[in-house]
file coords28.cif (mmCIF, N, CA and C atoms)
data_structure
#
loop_
_atom_site.label_atom_id
_atom_site.label_comp_id
_atom_site.auth_asym_id
_atom_site.auth_seq_id
_atom_site.Cartn_x
_atom_site.Cartn_y
_atom_site.Cartn_z
N MET A 216 0.56 -21.88 -88.97
CA MET A 216 1.78 -22.66 -89.16
C MET A 216 2.77 -22.27 -88.05
N ILE A 217 3.34 -23.26 -87.41
CA ILE A 217 4.33 -23.04 -86.36
C ILE A 217 5.67 -22.72 -87.01
N GLN A 218 6.27 -21.60 -86.62
CA GLN A 218 7.56 -21.22 -87.16
C GLN A 218 8.57 -20.93 -86.05
N GLU A 219 8.22 -21.30 -84.83
CA GLU A 219 9.10 -21.08 -83.69
C GLU A 219 10.37 -21.92 -83.87
N ALA A 220 11.52 -21.24 -83.85
CA ALA A 220 12.80 -21.88 -84.12
C ALA A 220 13.11 -23.02 -83.17
N THR A 221 12.81 -22.87 -81.90
CA THR A 221 13.12 -23.91 -80.91
C THR A 221 12.33 -25.18 -81.20
N TYR A 222 11.05 -25.04 -81.53
CA TYR A 222 10.23 -26.21 -81.82
C TYR A 222 10.68 -26.88 -83.12
N LEU A 223 10.95 -26.08 -84.14
CA LEU A 223 11.40 -26.65 -85.42
C LEU A 223 12.72 -27.39 -85.24
N GLN A 224 13.62 -26.83 -84.44
CA GLN A 224 14.90 -27.50 -84.17
C GLN A 224 14.68 -28.81 -83.43
N SER A 225 13.72 -28.85 -82.51
CA SER A 225 13.45 -30.09 -81.78
C SER A 225 12.97 -31.19 -82.73
N LEU A 226 12.21 -30.81 -83.77
CA LEU A 226 11.79 -31.80 -84.78
C LEU A 226 12.98 -32.28 -85.58
N LEU A 227 13.85 -31.36 -85.98
CA LEU A 227 15.05 -31.73 -86.74
C LEU A 227 15.93 -32.68 -85.94
N ASP A 228 16.03 -32.44 -84.64
CA ASP A 228 16.86 -33.29 -83.78
C ASP A 228 16.32 -34.72 -83.68
N LYS A 229 15.03 -34.91 -83.95
CA LYS A 229 14.42 -36.24 -83.86
C LYS A 229 14.52 -37.03 -85.17
N ILE A 230 14.95 -36.39 -86.24
CA ILE A 230 15.12 -37.10 -87.50
C ILE A 230 16.37 -37.96 -87.37
N PRO A 231 16.21 -39.29 -87.52
CA PRO A 231 17.32 -40.19 -87.19
C PRO A 231 18.41 -40.32 -88.25
N HIS A 232 18.25 -39.71 -89.40
CA HIS A 232 19.24 -39.83 -90.47
C HIS A 232 20.47 -38.99 -90.16
N GLY A 233 21.62 -39.51 -90.57
CA GLY A 233 22.88 -38.79 -90.38
C GLY A 233 23.66 -38.72 -91.68
N GLU A 234 24.72 -37.95 -91.67
CA GLU A 234 25.59 -37.83 -92.84
C GLU A 234 26.19 -39.19 -93.17
N PRO A 235 26.28 -39.53 -94.43
CA PRO A 235 26.02 -38.73 -95.61
C PRO A 235 24.59 -38.90 -96.15
N PHE A 236 23.68 -39.44 -95.35
CA PHE A 236 22.33 -39.70 -95.84
C PHE A 236 21.30 -38.79 -95.17
N ARG A 237 21.70 -37.58 -94.86
CA ARG A 237 20.76 -36.60 -94.29
C ARG A 237 20.52 -35.54 -95.36
N PHE A 238 19.27 -35.40 -95.76
CA PHE A 238 18.91 -34.50 -96.86
C PHE A 238 17.92 -33.44 -96.40
N ILE A 239 18.19 -32.82 -95.27
CA ILE A 239 17.39 -31.70 -94.76
C ILE A 239 18.32 -30.74 -94.03
N ASP A 240 18.21 -29.46 -94.39
CA ASP A 240 18.98 -28.43 -93.70
C ASP A 240 18.15 -27.74 -92.63
N GLY A 241 16.85 -27.63 -92.88
CA GLY A 241 16.01 -26.93 -91.93
C GLY A 241 14.54 -26.99 -92.29
N LEU A 242 13.73 -26.47 -91.39
CA LEU A 242 12.28 -26.40 -91.58
C LEU A 242 11.85 -24.94 -91.60
N ARG A 243 10.97 -24.60 -92.53
CA ARG A 243 10.40 -23.25 -92.58
C ARG A 243 9.18 -23.14 -91.67
N GLY A 244 8.43 -24.23 -91.55
CA GLY A 244 7.24 -24.22 -90.72
C GLY A 244 6.54 -25.55 -90.76
N ILE A 245 5.62 -25.73 -89.78
CA ILE A 245 4.88 -26.98 -89.68
C ILE A 245 3.52 -26.70 -89.04
N SER A 246 2.53 -27.48 -89.42
CA SER A 246 1.21 -27.41 -88.81
C SER A 246 0.70 -28.84 -88.70
N ASP A 247 -0.53 -29.01 -88.29
CA ASP A 247 -1.09 -30.36 -88.20
C ASP A 247 -1.44 -30.93 -89.57
N THR A 248 -1.34 -30.13 -90.63
CA THR A 248 -1.70 -30.60 -91.97
C THR A 248 -0.61 -30.38 -93.02
N SER A 249 0.49 -29.70 -92.65
CA SER A 249 1.53 -29.47 -93.65
C SER A 249 2.88 -29.21 -93.00
N ALA A 250 3.93 -29.38 -93.81
CA ALA A 250 5.29 -29.10 -93.37
C ALA A 250 6.09 -28.61 -94.56
N ILE A 251 7.02 -27.68 -94.30
CA ILE A 251 7.88 -27.15 -95.36
C ILE A 251 9.32 -27.20 -94.86
N GLY A 252 10.17 -27.90 -95.62
CA GLY A 252 11.58 -28.01 -95.30
C GLY A 252 12.43 -27.65 -96.50
N TYR A 253 13.73 -27.53 -96.28
CA TYR A 253 14.61 -27.16 -97.38
C TYR A 253 15.96 -27.86 -97.26
N TYR A 254 16.66 -27.93 -98.41
CA TYR A 254 17.96 -28.59 -98.46
C TYR A 254 18.73 -28.06 -99.66
N THR A 255 20.05 -27.93 -99.49
CA THR A 255 20.94 -27.59 -100.59
C THR A 255 21.81 -28.80 -100.87
N PHE A 256 21.75 -29.29 -102.11
CA PHE A 256 22.54 -30.46 -102.49
C PHE A 256 24.00 -30.05 -102.66
N PRO A 257 24.89 -30.61 -101.83
CA PRO A 257 26.30 -30.20 -101.90
C PRO A 257 26.96 -30.67 -103.19
N GLU A 258 27.75 -29.79 -103.76
CA GLU A 258 28.45 -30.13 -105.00
C GLU A 258 29.41 -31.29 -104.81
N SER A 259 29.85 -31.52 -103.58
CA SER A 259 30.84 -32.57 -103.30
C SER A 259 30.21 -33.94 -103.02
N ALA A 260 28.88 -34.06 -103.11
CA ALA A 260 28.22 -35.34 -102.81
C ALA A 260 28.78 -36.45 -103.72
N ASP A 261 29.08 -37.60 -103.13
CA ASP A 261 29.69 -38.71 -103.86
C ASP A 261 28.86 -39.19 -105.05
N PHE A 262 27.53 -39.16 -104.93
CA PHE A 262 26.71 -39.72 -106.01
C PHE A 262 26.83 -38.93 -107.31
N TYR A 263 27.30 -37.67 -107.25
CA TYR A 263 27.47 -36.89 -108.48
C TYR A 263 28.65 -37.39 -109.32
N LYS A 264 29.60 -38.07 -108.69
CA LYS A 264 30.78 -38.55 -109.41
C LYS A 264 30.40 -39.55 -110.50
N GLY A 265 29.35 -40.32 -110.27
CA GLY A 265 28.98 -41.33 -111.26
C GLY A 265 27.62 -41.13 -111.88
N HIS A 266 26.94 -40.04 -111.54
CA HIS A 266 25.56 -39.83 -112.03
C HIS A 266 25.43 -38.42 -112.56
N PHE A 267 25.79 -38.12 -113.64
CA PHE A 267 26.52 -38.82 -114.69
C PHE A 267 27.84 -38.10 -114.90
N PRO A 268 28.95 -38.81 -115.14
CA PRO A 268 30.25 -38.14 -115.33
C PRO A 268 30.16 -37.08 -116.44
N GLY A 269 30.59 -35.87 -116.10
CA GLY A 269 30.54 -34.78 -117.07
C GLY A 269 29.20 -34.05 -117.11
N TYR A 270 28.15 -34.64 -116.54
CA TYR A 270 26.82 -34.01 -116.52
C TYR A 270 26.09 -34.46 -115.25
N PRO A 271 26.53 -33.99 -114.09
CA PRO A 271 25.97 -34.47 -112.83
C PRO A 271 24.54 -34.00 -112.59
N VAL A 272 23.67 -34.94 -112.24
CA VAL A 272 22.31 -34.64 -111.83
C VAL A 272 21.99 -35.49 -110.59
N THR A 273 21.07 -35.01 -109.78
CA THR A 273 20.71 -35.72 -108.56
C THR A 273 19.81 -36.90 -108.91
N PRO A 274 20.15 -38.11 -108.46
CA PRO A 274 19.33 -39.29 -108.74
C PRO A 274 17.93 -39.16 -108.13
N GLY A 275 16.95 -39.73 -108.82
CA GLY A 275 15.57 -39.69 -108.36
C GLY A 275 15.37 -40.29 -106.98
N VAL A 276 16.11 -41.34 -106.66
CA VAL A 276 15.97 -41.96 -105.35
C VAL A 276 16.41 -40.99 -104.25
N ILE A 277 17.42 -40.16 -104.52
CA ILE A 277 17.89 -39.16 -103.56
C ILE A 277 16.86 -38.03 -103.45
N LEU A 278 16.27 -37.63 -104.57
CA LEU A 278 15.22 -36.61 -104.53
C LEU A 278 14.03 -37.09 -103.70
N THR A 279 13.68 -38.35 -103.87
CA THR A 279 12.56 -38.93 -103.10
C THR A 279 12.90 -38.92 -101.62
N GLU A 280 14.09 -39.33 -101.26
CA GLU A 280 14.50 -39.34 -99.86
C GLU A 280 14.50 -37.93 -99.28
N CYS A 281 14.95 -36.97 -100.06
CA CYS A 281 14.93 -35.58 -99.63
C CYS A 281 13.50 -35.11 -99.37
N MET A 282 12.57 -35.50 -100.23
CA MET A 282 11.17 -35.12 -100.04
C MET A 282 10.63 -35.70 -98.73
N VAL A 283 11.00 -36.93 -98.44
CA VAL A 283 10.54 -37.56 -97.19
C VAL A 283 11.14 -36.84 -95.99
N GLN A 284 12.44 -36.64 -96.00
CA GLN A 284 13.11 -36.05 -94.84
C GLN A 284 12.73 -34.58 -94.62
N CYS A 285 12.49 -33.85 -95.68
CA CYS A 285 12.18 -32.42 -95.55
C CYS A 285 10.74 -32.13 -95.19
N SER A 286 9.86 -33.11 -95.33
CA SER A 286 8.46 -32.77 -95.11
C SER A 286 7.65 -33.88 -94.45
N VAL A 287 7.64 -35.06 -95.02
CA VAL A 287 6.78 -36.14 -94.52
C VAL A 287 7.22 -36.58 -93.12
N LEU A 288 8.51 -36.82 -92.93
CA LEU A 288 9.00 -37.29 -91.64
C LEU A 288 8.82 -36.25 -90.53
N PRO A 289 9.19 -34.97 -90.75
CA PRO A 289 8.92 -33.99 -89.69
C PRO A 289 7.44 -33.88 -89.35
N LEU A 290 6.57 -33.96 -90.36
CA LEU A 290 5.13 -33.90 -90.10
C LEU A 290 4.68 -35.09 -89.26
N ALA A 291 5.19 -36.28 -89.58
CA ALA A 291 4.83 -37.47 -88.80
C ALA A 291 5.31 -37.33 -87.36
N ILE A 292 6.54 -36.84 -87.17
CA ILE A 292 7.07 -36.67 -85.82
C ILE A 292 6.22 -35.65 -85.05
N HIS A 293 5.82 -34.59 -85.72
CA HIS A 293 4.97 -33.57 -85.11
C HIS A 293 3.63 -34.16 -84.67
N LEU A 294 3.09 -35.07 -85.46
CA LEU A 294 1.77 -35.64 -85.18
C LEU A 294 1.80 -36.80 -84.19
N LEU A 295 2.99 -37.40 -83.99
CA LEU A 295 3.09 -38.50 -83.02
C LEU A 295 2.77 -37.99 -81.62
N PRO A 296 2.27 -38.86 -80.77
CA PRO A 296 2.00 -38.45 -79.39
C PRO A 296 3.25 -37.88 -78.73
N SER A 297 3.06 -37.00 -77.77
CA SER A 297 4.18 -36.31 -77.13
C SER A 297 5.13 -37.25 -76.41
N SER A 298 4.74 -38.50 -76.23
CA SER A 298 5.64 -39.47 -75.59
C SER A 298 6.80 -39.85 -76.50
N ALA A 299 6.77 -39.42 -77.76
CA ALA A 299 7.85 -39.73 -78.70
C ALA A 299 8.98 -38.72 -78.53
N ASP A 300 9.52 -38.64 -77.30
CA ASP A 300 10.54 -37.65 -77.00
C ASP A 300 11.94 -38.06 -77.44
N ASN A 301 12.15 -39.33 -77.70
CA ASN A 301 13.48 -39.82 -78.01
C ASN A 301 13.55 -40.21 -79.47
N LYS A 302 14.48 -39.58 -80.22
CA LYS A 302 14.57 -39.87 -81.65
C LYS A 302 14.93 -41.33 -81.91
N ASP A 303 15.55 -41.99 -80.93
CA ASP A 303 15.90 -43.40 -81.11
C ASP A 303 14.66 -44.29 -81.15
N ASN A 304 13.53 -43.78 -80.71
CA ASN A 304 12.29 -44.56 -80.70
C ASN A 304 11.47 -44.38 -81.98
N ILE A 305 11.92 -43.54 -82.91
CA ILE A 305 11.16 -43.29 -84.12
C ILE A 305 11.78 -44.09 -85.27
N LEU A 306 10.97 -44.92 -85.88
CA LEU A 306 11.42 -45.77 -86.98
C LEU A 306 10.71 -45.33 -88.26
N PRO A 307 11.38 -44.56 -89.11
CA PRO A 307 10.75 -44.13 -90.36
C PRO A 307 11.03 -45.12 -91.48
N LEU A 308 10.01 -45.61 -92.10
CA LEU A 308 10.15 -46.53 -93.23
C LEU A 308 9.25 -46.07 -94.37
N LEU A 309 9.85 -45.79 -95.50
CA LEU A 309 9.09 -45.41 -96.68
C LEU A 309 8.33 -46.62 -97.19
N THR A 310 7.02 -46.48 -97.41
CA THR A 310 6.22 -47.63 -97.81
C THR A 310 5.68 -47.54 -99.23
N HIS A 311 5.50 -46.32 -99.76
CA HIS A 311 4.94 -46.18 -101.10
C HIS A 311 5.33 -44.83 -101.69
N THR A 312 5.66 -44.84 -102.98
CA THR A 312 5.95 -43.59 -103.67
C THR A 312 5.20 -43.55 -105.00
N ASP A 313 4.78 -42.39 -105.36
CA ASP A 313 4.21 -42.12 -106.69
C ASP A 313 4.67 -40.72 -107.05
N ILE A 314 5.90 -40.63 -107.57
CA ILE A 314 6.57 -39.35 -107.79
C ILE A 314 6.76 -39.10 -109.29
N GLU A 315 6.53 -37.88 -109.69
CA GLU A 315 6.80 -37.43 -111.06
C GLU A 315 7.96 -36.44 -110.99
N PHE A 316 9.02 -36.72 -111.73
CA PHE A 316 10.19 -35.85 -111.77
C PHE A 316 10.06 -34.95 -113.00
N ARG A 317 10.02 -33.65 -112.78
CA ARG A 317 9.77 -32.71 -113.87
C ARG A 317 11.02 -32.00 -114.38
N GLN A 318 11.97 -31.75 -113.47
CA GLN A 318 13.19 -31.04 -113.87
C GLN A 318 14.38 -31.63 -113.13
N GLU A 319 15.55 -31.48 -113.70
CA GLU A 319 16.78 -31.94 -113.07
C GLU A 319 17.09 -31.08 -111.85
N VAL A 320 17.75 -31.71 -110.88
CA VAL A 320 18.30 -30.99 -109.74
C VAL A 320 19.81 -31.16 -109.83
N LYS A 321 20.49 -30.03 -109.89
CA LYS A 321 21.93 -30.02 -110.11
C LYS A 321 22.70 -29.85 -108.80
N PRO A 322 24.00 -30.18 -108.80
CA PRO A 322 24.83 -29.95 -107.62
C PRO A 322 24.80 -28.48 -107.21
N GLY A 323 24.70 -28.23 -105.91
CA GLY A 323 24.67 -26.87 -105.39
C GLY A 323 23.29 -26.24 -105.37
N GLN A 324 22.30 -26.93 -105.91
CA GLN A 324 20.95 -26.37 -105.98
C GLN A 324 20.21 -26.49 -104.65
N LYS A 325 19.52 -25.42 -104.27
CA LYS A 325 18.70 -25.41 -103.06
C LYS A 325 17.25 -25.70 -103.46
N VAL A 326 16.62 -26.58 -102.68
CA VAL A 326 15.23 -26.95 -102.96
C VAL A 326 14.39 -26.73 -101.70
N GLU A 327 13.10 -26.56 -101.91
CA GLU A 327 12.13 -26.48 -100.82
C GLU A 327 11.07 -27.53 -101.07
N VAL A 328 10.69 -28.25 -100.02
CA VAL A 328 9.72 -29.32 -100.14
C VAL A 328 8.54 -29.03 -99.22
N GLU A 329 7.34 -29.17 -99.77
CA GLU A 329 6.14 -28.99 -98.97
C GLU A 329 5.31 -30.26 -99.03
N ALA A 330 4.89 -30.72 -97.86
CA ALA A 330 3.99 -31.88 -97.76
C ALA A 330 2.65 -31.40 -97.23
N ASN A 331 1.59 -31.92 -97.82
CA ASN A 331 0.25 -31.68 -97.32
C ASN A 331 -0.36 -33.02 -96.96
N LEU A 332 -0.85 -33.10 -95.74
CA LEU A 332 -1.35 -34.34 -95.18
C LEU A 332 -2.59 -34.84 -95.93
N ILE A 333 -2.55 -36.10 -96.32
CA ILE A 333 -3.74 -36.79 -96.84
C ILE A 333 -4.38 -37.55 -95.69
N TYR A 334 -3.56 -38.35 -94.97
CA TYR A 334 -4.04 -38.98 -93.74
C TYR A 334 -2.87 -39.40 -92.86
N PHE A 335 -3.16 -39.58 -91.58
CA PHE A 335 -2.20 -40.10 -90.60
C PHE A 335 -3.00 -40.93 -89.61
N ARG A 336 -2.81 -42.23 -89.66
CA ARG A 336 -3.50 -43.13 -88.74
C ARG A 336 -2.68 -44.39 -88.53
N ARG A 337 -2.72 -44.88 -87.30
CA ARG A 337 -1.99 -46.09 -86.89
C ARG A 337 -0.52 -46.03 -87.29
N GLY A 338 0.06 -44.84 -87.18
CA GLY A 338 1.48 -44.68 -87.47
C GLY A 338 1.82 -44.61 -88.95
N ILE A 339 0.82 -44.61 -89.82
CA ILE A 339 1.06 -44.51 -91.26
C ILE A 339 0.65 -43.12 -91.72
N ILE A 340 1.56 -42.48 -92.44
CA ILE A 340 1.30 -41.15 -92.95
C ILE A 340 1.33 -41.17 -94.47
N LYS A 341 0.40 -40.45 -95.08
CA LYS A 341 0.38 -40.28 -96.53
C LYS A 341 0.23 -38.80 -96.81
N CYS A 342 1.09 -38.30 -97.69
CA CYS A 342 1.10 -36.88 -98.01
C CYS A 342 1.24 -36.66 -99.51
N SER A 343 0.69 -35.55 -99.97
CA SER A 343 1.03 -35.07 -101.30
C SER A 343 2.20 -34.11 -101.10
N CYS A 344 3.19 -34.20 -101.98
CA CYS A 344 4.42 -33.43 -101.81
C CYS A 344 4.80 -32.73 -103.11
N GLU A 345 5.47 -31.59 -102.92
CA GLU A 345 6.01 -30.85 -104.04
C GLU A 345 7.40 -30.36 -103.68
N MET A 346 8.35 -30.58 -104.59
CA MET A 346 9.70 -30.04 -104.45
C MET A 346 9.82 -28.91 -105.46
N ARG A 347 10.26 -27.72 -104.96
CA ARG A 347 10.39 -26.55 -105.81
C ARG A 347 11.80 -25.97 -105.74
N SER A 348 12.18 -25.30 -106.82
CA SER A 348 13.45 -24.59 -106.85
C SER A 348 13.29 -23.26 -106.11
N GLU A 349 14.38 -22.54 -105.94
CA GLU A 349 14.32 -21.23 -105.29
C GLU A 349 13.47 -20.24 -106.07
N THR A 350 13.33 -20.46 -107.37
CA THR A 350 12.50 -19.57 -108.20
C THR A 350 11.04 -20.02 -108.23
N GLY A 351 10.73 -21.12 -107.54
CA GLY A 351 9.34 -21.60 -107.48
C GLY A 351 8.96 -22.62 -108.51
N ASP A 352 9.91 -23.01 -109.37
CA ASP A 352 9.61 -24.03 -110.37
C ASP A 352 9.40 -25.38 -109.69
N VAL A 353 8.39 -26.12 -110.13
CA VAL A 353 8.14 -27.46 -109.58
C VAL A 353 9.16 -28.42 -110.18
N LEU A 354 9.94 -29.06 -109.31
CA LEU A 354 10.98 -30.00 -109.73
C LEU A 354 10.47 -31.43 -109.70
N SER A 355 9.68 -31.76 -108.69
CA SER A 355 9.05 -33.08 -108.59
C SER A 355 7.82 -32.95 -107.70
N LEU A 356 6.89 -33.88 -107.89
CA LEU A 356 5.67 -33.88 -107.10
C LEU A 356 5.07 -35.26 -107.08
N GLY A 357 4.22 -35.50 -106.11
CA GLY A 357 3.54 -36.79 -106.02
C GLY A 357 3.13 -37.10 -104.60
N ASN A 358 2.79 -38.36 -104.38
CA ASN A 358 2.35 -38.83 -103.08
C ASN A 358 3.39 -39.76 -102.47
N LEU A 359 3.58 -39.63 -101.17
CA LEU A 359 4.52 -40.46 -100.43
C LEU A 359 3.82 -41.00 -99.19
N SER A 360 4.10 -42.26 -98.88
CA SER A 360 3.59 -42.87 -97.65
C SER A 360 4.76 -43.44 -96.88
N ALA A 361 4.63 -43.38 -95.54
CA ALA A 361 5.69 -43.90 -94.68
C ALA A 361 5.07 -44.37 -93.38
N VAL A 362 5.80 -45.25 -92.71
CA VAL A 362 5.45 -45.66 -91.36
C VAL A 362 6.40 -44.91 -90.45
N ALA A 363 5.85 -44.23 -89.48
CA ALA A 363 6.67 -43.50 -88.50
C ALA A 363 6.14 -43.84 -87.13
N LYS A 364 6.64 -44.93 -86.58
CA LYS A 364 6.17 -45.39 -85.28
C LYS A 364 7.19 -45.09 -84.21
N GLN A 365 6.70 -44.95 -83.01
CA GLN A 365 7.60 -44.75 -81.88
C GLN A 365 7.86 -46.07 -81.20
#

call {"tool": "encode", "arguments": {"input": "coords28.cif", "output": "structure tokens"}}
result
Amino acid sequence: MIQEATYLQSLLDKIPHGEPFRFIDGLRGISDTSAIGYYTFPESADFYKGHFPGYPVTPGVILTECMVQCSVLPLAIHLLPSSADNKDNILPLLTHTDIEFRQEVKPGQKVEVEANLIYFRRGIIKCSCEMRSETGDVLSLGNLSAVAKQ
């Protein structure tokens, strides 16, 4: 697994999402078959104000996006040909999800996401993913597919 900080930062720089829709703080490592990223959900995120008032939890759609950004997208960028040097040339589109949500994710909670490659061909990537808490509890898991073309 590659854990070189400079290389991991170069992958992060190619992720085209920006605030307030960026759900990755960093990468722990990457290989040709897996990626591990992490994110801390800020307590001040706007979606907590209405989901749900008095009992804030992270919406499933945000958890799914976090899973993609923390693992599937960096893995796809890593696997793309080296000519994909410009993040403006990478178009990530989520194409399929099959996610099981097992536990709530609360404001301020840090999560780690691991993707394991099922296949990557013709710009389409499919991975099995797991989101875990800092204590190792599985928060959500399933399969995600995306198109990541240059």

call {"tool": "resolve_selection", "arguments": {"input": "coords28.cif", "expression": "the PyMOL selection byres ((chain A and resi 318-321) around 6)", "output": "PyMOL selection string"}}
result
chain A and resi 271-273+316-317+322-324+353-355

call {"tool": "select_by_dssp", "arguments": {"input": "coords28.cif", "residues": "region 290-358 of chain A", "states": "strand (DSSP E)", "output": "number ranges by chain"}}
result
A: 306-316, 325-336, 339-348, 353-358

call {"tool": "write_last_selection", "arguments": {"input": "coords28.cif", "atoms": "N, CA and C atoms", "output": "short mmCIF file (atom, residue, chain, number, x, y, z; two decimals), in the coordinates of the input"}}
result
data_model
loop_
_atom_site.label_atom_id
_atom_site.label_comp_id
_atom_site.auth_asym_id
_atom_site.auth_seq_id
_atom_site.Cartn_x
_atom_site.Cartn_y
_atom_site.Cartn_z
N LEU A 306 10.97 -44.92 -85.88
CA LEU A 306 11.42 -45.77 -86.98
C LEU A 306 10.71 -45.33 -88.26
N PRO A 307 11.38 -44.56 -89.11
CA PRO A 307 10.75 -44.13 -90.36
C PRO A 307 11.03 -45.12 -91.48
N LEU A 308 10.01 -45.61 -92.10
CA LEU A 308 10.15 -46.53 -93.23
C LEU A 308 9.25 -46.07 -94.37
N LEU A 309 9.85 -45.79 -95.50
CA LEU A 309 9.09 -45.41 -96.68
C LEU A 309 8.33 -46.62 -97.19
N THR A 310 7.02 -46.48 -97.41
CA THR A 310 6.22 -47.63 -97.81
C THR A 310 5.68 -47.54 -99.23
N HIS A 311 5.50 -46.32 -99.76
CA HIS A 311 4.94 -46.18 -101.10
C HIS A 311 5.33 -44.83 -101.69
N THR A 312 5.66 -44.84 -102.98
CA THR A 312 5.95 -43.59 -103.67
C THR A 312 5.20 -43.55 -105.00
N ASP A 313 4.78 -42.39 -105.36
CA ASP A 313 4.21 -42.12 -106.69
C ASP A 313 4.67 -40.72 -107.05
N ILE A 314 5.90 -40.63 -107.57
CA ILE A 314 6.57 -39.35 -107.79
C ILE A 314 6.76 -39.10 -109.29
N GLU A 315 6.53 -37.88 -109.69
CA GLU A 315 6.80 -37.43 -111.06
C GLU A 315 7.96 -36.44 -110.99
N PHE A 316 9.02 -36.72 -111.73
CA PHE A 316 10.19 -35.85 -111.77
C PHE A 316 10.06 -34.95 -113.00
N LYS A 325 19.52 -25.42 -104.27
CA LYS A 325 18.70 -25.41 -103.06
C LYS A 325 17.25 -25.70 -103.46
N VAL A 326 16.62 -26.58 -102.68
CA VAL A 326 15.23 -26.95 -102.96
C VAL A 326 14.39 -26.73 -101.70
N GLU A 327 13.10 -26.56 -101.91
CA GLU A 327 12.13 -26.48 -100.82
C GLU A 327 11.07 -27.53 -101.07
N VAL A 328 10.69 -28.25 -100.02
CA VAL A 328 9.72 -29.32 -100.14
C VAL A 328 8.54 -29.03 -99.22
N GLU A 329 7.34 -29.17 -99.77
CA GLU A 329 6.14 -28.99 -98.97
C GLU A 329 5.31 -30.26 -99.03
N ALA A 330 4.89 -30.72 -97.86
CA ALA A 330 3.99 -31.88 -97.76
C ALA A 330 2.65 -31.40 -97.23
N ASN A 331 1.59 -31.92 -97.82
CA ASN A 331 0.25 -31.68 -97.32
C ASN A 331 -0.36 -33.02 -96.96
N LEU A 332 -0.85 -33.10 -95.74
CA LEU A 332 -1.35 -34.34 -95.18
C LEU A 332 -2.59 -34.84 -95.93
N ILE A 333 -2.55 -36.10 -96.32
CA ILE A 333 -3.74 -36.79 -96.84
C ILE A 333 -4.38 -37.55 -95.69
N TYR A 334 -3.56 -38.35 -94.97
CA TYR A 334 -4.04 -38.98 -93.74
C TYR A 334 -2.87 -39.40 -92.86
N PHE A 335 -3.16 -39.58 -91.58
CA PHE A 335 -2.20 -40.10 -90.60
C PHE A 335 -3.00 -40.93 -89.61
N ARG A 336 -2.81 -42.23 -89.66
CA ARG A 336 -3.50 -43.13 -88.74
C ARG A 336 -2.68 -44.39 -88.53
N ILE A 339 0.82 -44.61 -89.82
CA ILE A 339 1.06 -44.51 -91.26
C ILE A 339 0.65 -43.12 -91.72
N ILE A 340 1.56 -42.48 -92.44
CA ILE A 340 1.30 -41.15 -92.95
C ILE A 340 1.33 -41.17 -94.47
N LYS A 341 0.40 -40.45 -95.08
CA LYS A 341 0.38 -40.28 -96.53
C LYS A 341 0.23 -38.80 -96.81
N CYS A 342 1.09 -38.30 -97.69
CA CYS A 342 1.10 -36.88 -98.01
C CYS A 342 1.24 -36.66 -99.51
N SER A 343 0.69 -35.55 -99.97
CA SER A 343 1.03 -35.07 -101.30
C SER A 343 2.20 -34.11 -101.10
N CYS A 344 3.19 -34.20 -101.98
CA CYS A 344 4.42 -33.43 -101.81
C CYS A 344 4.80 -32.73 -103.11
N GLU A 345 5.47 -31.59 -102.92
CA GLU A 345 6.01 -30.85 -104.04
C GLU A 345 7.40 -30.36 -103.68
N MET A 346 8.35 -30.58 -104.59
CA MET A 346 9.70 -30.04 -104.45
C MET A 346 9.82 -28.91 -105.46
N ARG A 347 10.26 -27.72 -104.96
CA ARG A 347 10.39 -26.55 -105.81
C ARG A 347 11.80 -25.97 -105.74
N SER A 348 12.18 -25.30 -106.82
CA SER A 348 13.45 -24.59 -106.85
C SER A 348 13.29 -23.26 -106.11
N VAL A 353 8.39 -26.12 -110.13
CA VAL A 353 8.14 -27.46 -109.58
C VAL A 353 9.16 -28.42 -110.18
N LEU A 354 9.94 -29.06 -109.31
CA LEU A 354 10.98 -30.00 -109.73
C LEU A 354 10.47 -31.43 -109.70
N SER A 355 9.68 -31.76 -108.69
CA SER A 355 9.05 -33.08 -108.59
C SER A 355 7.82 -32.95 -107.70
N LEU A 356 6.89 -33.88 -107.89
CA LEU A 356 5.67 -33.88 -107.10
C LEU A 356 5.07 -35.26 -107.08
N GLY A 357 4.22 -35.50 -106.11
CA GLY A 357 3.54 -36.79 -106.02
C GLY A 357 3.13 -37.10 -104.60
N ASN A 358 2.79 -38.36 -104.38
CA ASN A 358 2.35 -38.83 -103.08
C ASN A 358 3.39 -39.76 -102.47
#

call {"tool": "select_by_dssp", "arguments": {"input": "coords28.cif", "residues": "chain A", "states": "alpha helix (DSSP H)", "output": "list in words"}}
result
Ala220, Thr221, Tyr222, Leu223, Gln224, Ser225, Leu226, Leu227, Asp228, Lys229, Gly275, Val276, Ile277, Leu278, Thr279, Glu280, Cys281, Met282, Leu288, Pro289, Leu290, Ala291, Ile292, His293 and Leu294 of chain A

call {"tool": "closest_residue", "arguments": {"input": "coords28.cif", "among": "A:Ser360, A:Glu280, A:Lys325, A:Tyr263", "to": "Cys342 (chain A)", "atoms": "all atoms listed in the file"}}
result
A:Ser360

call {"tool": "closest_residue", "arguments": {"input": "coords28.cif", "among": "A:Pro257, A:Pro274, A:Gly241, A:Gly252", "to": "Glu329 (chain A)", "atoms": "only C-alpha atoms"}}
result
A:Gly252

call {"tool": "resolve_selection", "arguments": {"input": "coords28.cif", "expression": "the PyMOL selection byres ((chain A and resi 242) around 7)", "output": "list in words"}}
result
Leu223, Gln224, Ile239, Asp240, Gly241, Arg243, Gly244, Ile245, Ile251, Gly252, Tyr253 and Cys285 of chain A

call {"tool": "atom_distance", "arguments": {"input": "coords28.cif", "atom1": "CA of His311 (chain A)", "atom2": "CA of Asp352 (chain A)"}}
result
24.5 Å

call {"tool": "resolve_selection", "arguments": {"input": "coords28.cif", "expression": "the PyMOL selection byres ((chain A and resi 346) around 8)", "output": "ChimeraX atom specification"}}
result
/A:282,326-330,343-345,347-349,351-357

call {"tool": "atom_distance", "arguments": {"input": "coords28.cif", "atom1": "atom N of Gly265 (chain A)", "atom2": "atom N of Ala361 (chain A)"}}
result
28.9 Å

call {"tool": "residues_near_point", "arguments": {"input": "coords28.cif", "point": "(4.1, -50.7, -89.6)", "cutoff": "8 Å", "atoms": "only C-alpha atoms", "output": "VMD selection string"}}
result
chain A and resid 338 to 339 362 to 364
